[in-house]
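So this block is model.txt, compact mmCIF, C-alpha atoms and all ligand atoms:
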# COMPACT_ATOMS: atom_id res chain seq x y z
CA MET A 1 -20.98 3.60 -28.70
CA ALA A 2 -20.08 3.32 -25.02
CA ALA A 3 -18.90 6.43 -23.21
CA ALA A 4 -15.14 6.66 -22.88
CA ASP A 5 -13.82 5.46 -19.54
CA PRO A 6 -12.03 8.48 -18.07
CA TYR A 7 -9.73 6.21 -16.06
CA SER A 8 -8.41 4.09 -18.90
CA ALA A 9 -5.90 6.65 -20.19
CA CYS A 10 -3.11 5.77 -17.78
CA ASP A 11 -1.60 2.38 -18.50
CA LEU A 12 -1.64 0.44 -15.24
CA GLY A 13 -2.71 -2.81 -16.86
CA PRO A 14 -6.15 -4.48 -16.85
CA GLU A 15 -5.60 -6.69 -13.77
CA LEU A 16 -4.52 -3.80 -11.61
CA ASP A 17 -7.40 -1.74 -12.92
CA VAL A 18 -9.90 -4.42 -11.85
CA ALA A 19 -8.31 -4.56 -8.40
CA ILE A 20 -8.48 -0.75 -8.14
CA ALA A 21 -12.16 -0.82 -9.05
CA ARG A 22 -12.82 -3.44 -6.31
CA ALA A 23 -10.83 -1.38 -3.80
CA ALA A 24 -12.83 1.71 -4.72
CA GLU A 25 -16.09 -0.15 -4.05
CA ARG A 26 -14.80 -1.25 -0.68
CA ILE A 27 -13.71 2.29 0.24
CA ALA A 28 -16.95 3.87 -0.95
CA GLY A 29 -18.92 1.32 1.08
CA SER A 30 -16.92 1.76 4.29
CA GLY A 31 -17.92 3.97 7.19
CA HIS A 32 -14.50 4.85 8.58
CA VAL A 33 -11.48 4.68 6.29
CA VAL A 34 -8.01 5.26 7.73
CA ALA A 35 -4.94 5.57 5.50
CA MET A 36 -1.42 4.73 6.60
CA THR A 37 1.68 5.75 4.68
CA GLY A 38 5.43 5.35 4.87
CA ALA A 39 8.66 6.23 3.12
CA GLY A 40 7.69 4.56 -0.16
CA LEU A 41 5.01 7.17 -0.81
CA SER A 42 7.58 9.98 -0.81
CA VAL A 43 10.04 8.31 -3.19
CA GLU A 44 8.21 9.93 -6.13
CA SER A 45 8.87 13.27 -4.39
CA GLY A 46 12.62 12.66 -4.52
CA ILE A 47 13.05 11.40 -0.96
CA SER A 48 15.00 8.15 -1.12
CA PRO A 49 14.29 5.51 1.48
CA PHE A 50 16.76 5.79 4.34
CA ARG A 51 18.42 2.42 3.94
CA GLY A 52 19.40 0.32 0.93
CA LYS A 53 20.96 1.20 -2.41
CA GLY A 54 20.86 4.96 -3.02
CA GLY A 55 19.32 5.45 0.45
CA LEU A 56 19.91 8.67 2.35
CA TRP A 57 21.82 6.98 5.12
CA THR A 58 23.72 4.76 2.73
CA ARG A 59 25.00 7.92 1.05
CA TYR A 60 25.42 10.23 4.03
CA GLY A 61 25.97 7.86 6.96
CA GLU A 62 23.53 6.91 9.68
CA PRO A 63 22.32 9.18 12.46
CA PRO A 64 23.26 8.19 16.01
CA MET A 65 21.10 5.37 17.35
CA ASP A 66 20.93 7.15 20.73
CA GLY A 67 19.91 10.55 19.35
CA PHE A 68 17.27 11.16 22.01
CA GLN A 69 19.61 10.27 24.88
CA ARG A 70 22.19 12.66 23.41
CA PHE A 71 19.56 15.37 23.22
CA LEU A 72 18.58 14.88 26.86
CA ALA A 73 22.20 14.83 27.97
CA ASP A 74 23.00 18.13 26.23
CA PRO A 75 19.99 19.89 24.65
CA ARG A 76 22.00 23.06 23.99
CA ARG A 77 24.53 21.19 21.87
CA ALA A 78 21.81 19.27 20.06
CA TRP A 79 20.15 22.58 19.19
CA GLN A 80 23.43 24.07 17.94
CA GLU A 81 23.75 21.09 15.61
CA ARG A 82 20.14 21.56 14.42
CA LEU A 83 20.72 25.28 13.70
CA SER A 84 24.07 24.75 11.94
CA PRO A 85 24.10 21.15 10.78
CA ARG A 86 27.54 19.68 10.13
CA GLU A 87 26.96 15.92 10.36
CA PRO A 88 26.68 14.66 6.75
CA TRP A 89 23.49 12.62 7.41
CA LEU A 90 21.76 15.71 8.81
CA VAL A 91 22.96 18.03 6.02
CA GLY A 92 21.76 15.48 3.45
CA LEU A 93 18.38 15.10 5.13
CA VAL A 94 17.82 18.85 5.47
CA GLU A 95 18.67 19.47 1.80
CA THR A 96 16.48 16.60 0.60
CA LEU A 97 13.48 17.70 2.67
CA ALA A 98 13.82 21.32 1.55
CA ARG A 99 13.59 20.28 -2.12
CA ALA A 100 10.71 17.79 -1.80
CA ARG A 101 7.18 18.61 -2.95
CA PRO A 102 3.98 16.54 -2.62
CA ASN A 103 3.38 14.05 -5.44
CA ALA A 104 0.23 12.58 -7.00
CA GLY A 105 -0.08 10.05 -4.16
CA HIS A 106 -0.13 12.74 -1.45
CA ARG A 107 -2.62 14.77 -3.48
CA ALA A 108 -4.90 11.79 -4.10
CA LEU A 109 -5.06 10.94 -0.37
CA ALA A 110 -5.88 14.57 0.44
CA GLY A 111 -8.55 14.38 -2.27
CA LEU A 112 -9.98 11.25 -0.66
CA GLU A 113 -10.26 13.15 2.63
CA ARG A 114 -11.95 16.13 0.96
CA ALA A 115 -14.40 13.75 -0.70
CA GLY A 116 -15.34 12.35 2.73
CA HIS A 117 -13.66 8.98 2.25
CA CYS A 118 -10.65 9.23 4.54
CA ALA A 119 -11.30 9.96 8.21
CA CYS A 120 -7.65 10.10 9.21
CA LEU A 121 -4.19 9.52 7.79
CA ILE A 122 -1.44 7.97 9.90
CA THR A 123 2.05 8.50 8.49
CA GLN A 124 5.50 7.33 9.46
CA ASN A 125 6.98 10.14 7.35
CA ILE A 126 8.41 13.33 8.84
CA ASP A 127 8.58 15.16 5.51
CA ASP A 128 5.50 17.42 5.89
CA LEU A 129 4.30 16.47 2.38
CA HIS A 130 0.83 15.31 3.50
CA ARG A 131 0.27 18.71 5.15
CA GLN A 132 1.54 20.50 2.06
CA ALA A 133 -0.90 18.46 -0.05
CA GLY A 134 -3.76 19.64 2.18
CA GLN A 135 -4.37 16.60 4.42
CA ARG A 136 -6.07 17.82 7.58
CA ALA A 137 -6.72 14.83 9.87
CA LEU A 138 -3.13 13.69 10.16
CA LEU A 139 -1.24 11.67 12.77
CA GLU A 140 2.53 11.83 12.28
CA ILE A 141 3.90 8.91 14.32
CA HIS A 142 7.50 10.04 13.94
CA GLY A 143 6.77 13.76 14.12
CA ASN A 144 7.23 16.50 11.53
CA HIS A 145 10.60 17.97 10.71
CA ARG A 146 9.25 21.53 10.50
CA LEU A 147 7.57 21.56 13.91
CA LEU A 148 8.89 21.92 17.45
CA ARG A 149 7.64 19.94 20.44
CA CYS A 150 7.89 20.35 24.20
CA ILE A 151 9.30 17.16 25.69
CA GLU A 152 7.26 17.72 28.88
CA CYS A 153 3.71 18.66 27.81
CA VAL A 154 4.04 17.57 24.11
CA ALA A 155 2.66 20.91 22.83
CA ARG A 156 3.64 21.43 19.16
CA PHE A 157 4.70 24.77 17.72
CA GLU A 158 5.10 26.13 14.23
CA PRO A 159 8.59 27.64 13.83
CA GLU A 160 7.10 31.16 13.65
CA GLU A 161 5.30 30.61 16.95
CA LEU A 162 8.48 29.97 18.85
CA PRO A 163 11.45 31.95 17.53
CA VAL A 164 14.69 30.29 18.58
CA ASP A 165 17.43 32.51 20.06
CA PRO A 166 20.83 30.94 19.26
CA ASP A 167 22.24 32.65 22.37
CA ASP A 168 19.62 31.16 24.66
CA LEU A 169 19.42 27.45 23.95
CA PRO A 170 17.50 25.24 24.34
CA PRO A 171 14.22 27.10 23.76
CA ARG A 172 11.63 26.68 26.50
CA CYS A 173 7.95 25.86 26.23
CA PRO A 174 5.82 29.00 26.71
CA ARG A 175 3.13 26.83 28.32
CA CYS A 176 5.03 24.75 30.87
CA GLY A 177 8.68 25.84 30.74
CA GLY A 178 9.83 22.41 29.52
CA VAL A 179 12.71 21.89 27.10
CA VAL A 180 11.66 22.16 23.45
CA LYS A 181 13.14 19.93 20.73
CA GLY A 182 12.38 19.30 17.09
CA ASP A 183 9.17 17.29 16.64
CA THR A 184 10.93 14.54 14.65
CA VAL A 185 11.15 11.46 16.83
CA ASN A 186 14.83 10.60 17.29
CA PHE A 187 16.28 7.14 17.62
CA GLY A 188 15.81 6.05 21.23
CA GLU A 189 12.84 8.38 21.70
CA PRO A 190 9.40 7.00 22.49
CA ILE A 191 6.57 7.88 20.13
CA PRO A 192 4.69 10.79 21.71
CA PRO A 193 1.87 9.24 23.76
CA ASP A 194 -0.82 11.62 22.46
CA VAL A 195 -0.19 10.56 18.85
CA LEU A 196 -0.02 6.87 19.72
CA ARG A 197 -3.31 7.02 21.63
CA ARG A 198 -5.08 8.77 18.75
CA CYS A 199 -3.65 6.21 16.28
CA TYR A 200 -5.21 3.36 18.26
CA GLU A 201 -8.53 5.22 18.48
CA GLN A 202 -8.54 5.59 14.70
CA VAL A 203 -7.48 2.01 14.08
CA GLU A 204 -10.21 0.71 16.40
CA ALA A 205 -12.81 2.81 14.57
CA ALA A 206 -11.61 1.76 11.10
CA ASP A 207 -13.53 -0.69 8.93
CA CYS A 208 -11.11 -0.11 6.06
CA MET A 209 -7.41 0.75 6.02
CA ILE A 210 -5.39 1.85 3.00
CA VAL A 211 -1.69 1.04 3.51
CA ALA A 212 0.46 2.88 0.96
CA GLY A 213 4.21 3.07 0.52
CA THR A 214 5.12 1.01 3.55
CA SER A 215 5.68 -2.63 4.39
CA ALA A 216 4.33 -1.74 7.84
CA SER A 217 6.99 -3.90 9.43
CA VAL A 218 8.02 -1.57 12.26
CA TYR A 219 6.10 -1.16 15.52
CA PRO A 220 3.60 0.39 16.08
CA ALA A 221 2.54 0.69 12.43
CA ALA A 222 3.00 -3.06 11.96
CA GLU A 223 0.11 -3.78 14.31
CA PHE A 224 -2.47 -1.47 12.79
CA PRO A 225 -3.52 -3.41 9.66
CA TYR A 226 -3.87 -6.62 11.71
CA HIS A 227 -6.15 -4.86 14.21
CA VAL A 228 -8.40 -3.79 11.32
CA LEU A 229 -8.42 -7.29 9.79
CA GLN A 230 -9.16 -8.99 13.13
CA ALA A 231 -12.12 -6.66 13.63
CA GLY A 232 -13.52 -7.74 10.26
CA GLY A 233 -12.37 -4.69 8.30
CA ALA A 234 -10.59 -4.54 4.96
CA VAL A 235 -6.93 -3.74 4.31
CA ILE A 236 -6.03 -2.33 0.90
CA GLU A 237 -2.32 -2.36 0.19
CA VAL A 238 -0.67 -0.03 -2.35
CA ASN A 239 2.97 -0.96 -2.85
CA PRO A 240 4.99 -1.53 -6.03
CA GLU A 241 6.59 -4.71 -4.63
CA PRO A 242 5.10 -7.51 -2.50
CA THR A 243 5.54 -7.13 1.28
CA ASP A 244 4.68 -9.23 4.33
CA LEU A 245 1.28 -7.55 4.24
CA THR A 246 0.48 -8.66 0.67
CA GLU A 247 -0.57 -12.20 1.65
CA VAL A 248 -3.03 -11.07 4.30
CA ALA A 249 -4.32 -7.88 2.65
CA THR A 250 -7.91 -7.93 1.42
CA LEU A 251 -6.73 -6.35 -1.82
CA ALA A 252 -3.16 -5.67 -2.92
CA LEU A 253 -2.70 -3.00 -5.59
CA ALA A 254 0.79 -3.62 -6.96
CA GLY A 255 1.85 -0.43 -8.68
CA PRO A 256 3.38 3.03 -8.28
CA GLY A 257 1.73 4.92 -5.42
CA GLY A 258 1.04 8.14 -7.31
CA ALA A 259 -0.73 6.62 -10.32
CA VAL A 260 -2.59 3.95 -8.34
CA LEU A 261 -3.92 6.34 -5.69
CA GLU A 262 -4.91 8.89 -8.33
CA ARG A 263 -6.93 6.26 -10.19
CA LEU A 264 -8.38 4.96 -6.91
CA LEU A 265 -9.55 8.47 -5.98
CA GLY A 266 -11.18 8.88 -9.38
CA ARG A 267 -13.03 5.59 -9.03
CA VAL A 268 -14.19 6.29 -5.45
CA VAL A 269 -15.50 9.75 -6.39
CA ALA A 270 -17.27 8.27 -9.44
CA LEU A 271 -19.03 5.76 -7.15
CA SER A 272 -19.85 8.20 -4.38
CA PRO A 273 -19.64 11.80 -5.59
CA GLY A 274 -22.04 13.39 -3.12
CA ARG A 275 -20.53 12.37 0.18
CA ALA A 276 -19.47 15.58 1.89
CA ALA A 277 -16.36 15.77 4.05
CA SER A 278 -17.21 16.39 7.67
ZN ZN B 1 5.38 22.33 27.54
Could I get this file's structure written as structure tokens?
Ligand SMILES: [Zn+2]
Amino acid sequence: MAAADPYSACDLGPELDVAIARAAERIAGSGHVVAMTGAGLSVESGISPFRGKGGLWTRYGEPPMDGFQRFLADPRRAWQERLSPREPWLVGLVETLARARPNAGHRALAGLERAGHCACLITQNIDDLHRQAGQRALLEIHGNHRLLRCIECVARFEPEELPVDPDDLPPRCPRCGGVVKGDTVNFGEPIPPDVLRRCYEQVEAADCMIVAGTSASVYPAAEFPYHVLQAGGAVIEVNPEPTDLTEVATLALAGPGGAVLERLLGRVVALSPGRAAS
């Protein structure tokens, strides 16, 4: 009698299972795997996408499209709003983020890193869930809602590192004296150049990219999978619905992020159990 397949318990369907097995071979055989994630990965953590039916901004209203310009014009007022949020979209976002916990997809990607099969993870999410799941090499294109960032020297601070005095706003950078804002990239704000540069370094080094929970339709994330493909690398897409990427992806795994990534991790580790994380 053949040994039981430990990965057959979860019902993802035979076609998807074959595609996951192929993706696992590709990942295990790659030298530099980079993962990229977006809002779809956090839906299973209770964070709705921003737009569309049931979306955060559909329910609570949209944030101002010139948020960064407003911050620059009056950082003190922007900080007062951050400390005592009144705008419905901000109250809704703060409450949602406070409740959210990492899901199986976040944990599987962190597991892939620990197993030595994910050199870096690029995320468009600000929700901190990859950090909470234990991901270490992480590039947060749109910042992290928990952290603070100096708008001059781009130093990041944990909230405990830089206590904020409500009577002395905005807080100032202890390194350069610059104005400090939340690390989340506002509308109208450029992506911090240090993160963008490191993203391109990772993308150029990648011979395999896992794209999960994002249609990767917004710059700069939209470019990354195409860079990898043009350089001869593989793109593995994990999204429940087809996207613009599906047609060009080397392999498209159409299923729920948590279950698919969990199974993918299991298959990769089964193929290459001894590869130590550096
Ligand atoms: Zn600074």
Name each residue within 12 Å of ligand ZN 1 (chain B), counting all atoms listed in the file, as a VMD selection string. chain A and resid 148 to 157 162 171 to 181
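Pairwise distance (atom CA of Pro220 of chain A, atom CA of Leu196 of chain A) equals 8.3 Å.
Each of A:His32, A:Arg99, A:Arg22, A:Arg107 was compared to Leu261 of chain A using only C-alpha atoms, and A:Arg107 turns out to be the nearest.
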Excluding Ala137 of chain A and any residue of its chain fewer than 4 positions from it, enumerate the residues within 12 Å of it, using only C-alpha atoms, and give them as a ChimeraX atom specification. /A:33-36,109-110,112-114,116-123,130-131,195,198-199,202,277-278
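Distance check against Leu271 of chain A using all atoms listed in the file: of A:Gly29, A:Pro190, A:Gly232, A:Gly182, the minimum falls on A:Gly29.
Proximity ranking of A:Gly38, A:Gly46, A:Pro85, A:Pro64 relative to Ala98 of chain A places A:Gly46 first, based on all atoms listed in the file.
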List as a short mmCIF file (atom, residue, chain, number, x, y, z; two decimals) with C-alpha atoms, in the coordinates of the input the protein and nucleic acid residues near segment 222-231 of chain A, meaning an atom at most 9 Å away when all atoms listed in the file are counted, but skip any in the same chain fewer than 4 places from it.
data_model
loop_
_atom_site.label_atom_id
_atom_site.label_comp_id
_atom_site.auth_asym_id
_atom_site.auth_seq_id
_atom_site.Cartn_x
_atom_site.Cartn_y
_atom_site.Cartn_z
CA MET A 36 -1.42 4.73 6.60
CA CYS A 199 -3.65 6.21 16.28
CA TYR A 200 -5.21 3.36 18.26
CA VAL A 203 -7.48 2.01 14.08
CA GLU A 204 -10.21 0.71 16.40
CA ALA A 205 -12.81 2.81 14.57
CA ALA A 206 -11.61 1.76 11.10
CA ASP A 207 -13.53 -0.69 8.93
CA CYS A 208 -11.11 -0.11 6.06
CA MET A 209 -7.41 0.75 6.02
CA ILE A 210 -5.39 1.85 3.00
CA VAL A 211 -1.69 1.04 3.51
CA SER A 215 5.68 -2.63 4.39
CA ALA A 216 4.33 -1.74 7.84
CA SER A 217 6.99 -3.90 9.43
CA VAL A 218 8.02 -1.57 12.26
CA VAL A 235 -6.93 -3.74 4.31
CA LEU A 245 1.28 -7.55 4.24
CA VAL A 248 -3.03 -11.07 4.30
CA ALA A 249 -4.32 -7.88 2.65
CA THR A 250 -7.91 -7.93 1.42
#
Got a sec to write segment 82-144 of chain A of the block to a file, C-alpha atoms, as a short mmCIF file (atom, residue, chain, number, x, y, z; two decimals), in the first residue's frame?
data_model
loop_
_atom_site.label_atom_id
_atom_site.label_comp_id
_atom_site.auth_asym_id
_atom_site.auth_seq_id
_atom_site.Cartn_x
_atom_site.Cartn_y
_atom_site.Cartn_z
CA ARG A 82 -3.77 60.55 13.85
CA LEU A 83 -3.83 60.66 17.67
CA SER A 84 -7.61 61.23 17.92
CA PRO A 85 -9.08 60.02 14.66
CA ARG A 86 -12.49 61.44 13.78
CA GLU A 87 -12.72 60.94 10.01
CA PRO A 88 -14.85 57.80 9.47
CA TRP A 89 -12.39 56.22 6.97
CA LEU A 90 -9.55 56.56 9.48
CA VAL A 91 -11.60 55.27 12.44
CA GLY A 92 -12.67 52.28 10.33
CA LEU A 93 -9.13 51.56 9.21
CA VAL A 94 -7.67 51.82 12.72
CA GLU A 95 -10.32 49.47 14.17
CA THR A 96 -9.90 46.94 11.35
CA LEU A 97 -6.10 46.88 11.63
CA ALA A 98 -6.23 46.51 15.42
CA ARG A 99 -8.39 43.37 15.11
CA ALA A 100 -6.47 41.68 12.28
CA ARG A 101 -4.17 38.71 12.87
CA PRO A 102 -1.90 36.86 10.40
CA ASN A 103 -3.59 34.04 8.47
CA ALA A 104 -2.32 30.77 6.97
CA GLY A 105 -1.00 32.63 3.91
CA HIS A 106 1.19 34.98 5.97
CA ARG A 107 2.43 32.05 8.05
CA ALA A 108 3.22 29.93 4.99
CA LEU A 109 5.30 32.71 3.41
CA ALA A 110 7.21 33.18 6.67
CA GLY A 111 7.72 29.40 6.71
CA LEU A 112 9.09 29.54 3.16
CA GLU A 113 11.61 32.16 4.32
CA ARG A 114 12.63 30.08 7.35
CA ALA A 115 13.10 27.07 5.06
CA GLY A 116 15.51 29.11 2.90
CA HIS A 117 13.17 29.43 -0.08
CA CYS A 118 12.16 33.09 0.08
CA ALA A 119 14.95 35.67 -0.02
CA CYS A 120 12.67 38.68 0.35
CA LEU A 121 9.00 39.59 0.49
CA ILE A 122 7.70 42.78 -1.10
CA THR A 123 4.26 43.81 0.12
CA GLN A 124 1.83 46.55 -0.78
CA ASN A 125 0.07 46.02 2.55
CA ILE A 126 0.49 48.34 5.53
CA ASP A 127 -1.16 45.96 8.00
CA ASP A 128 1.98 44.60 9.74
CA LEU A 129 0.71 41.01 9.37
CA HIS A 130 3.83 39.71 7.59
CA ARG A 131 5.96 40.98 10.50
CA GLN A 132 3.57 39.45 13.02
CA ALA A 133 3.85 36.13 11.16
CA GLY A 134 7.64 36.29 11.52
CA GLN A 135 8.74 37.43 8.03
CA ARG A 136 12.16 39.02 8.37
CA ALA A 137 13.35 40.18 4.93
CA LEU A 138 10.43 42.47 4.20
CA LEU A 139 10.00 45.51 1.95
CA GLU A 140 6.78 47.40 2.66
CA ILE A 141 6.23 49.59 -0.42
CA HIS A 142 3.42 51.55 1.20
CA GLY A 143 4.91 51.58 4.69
CA ASN A 144 3.65 50.04 7.92
#
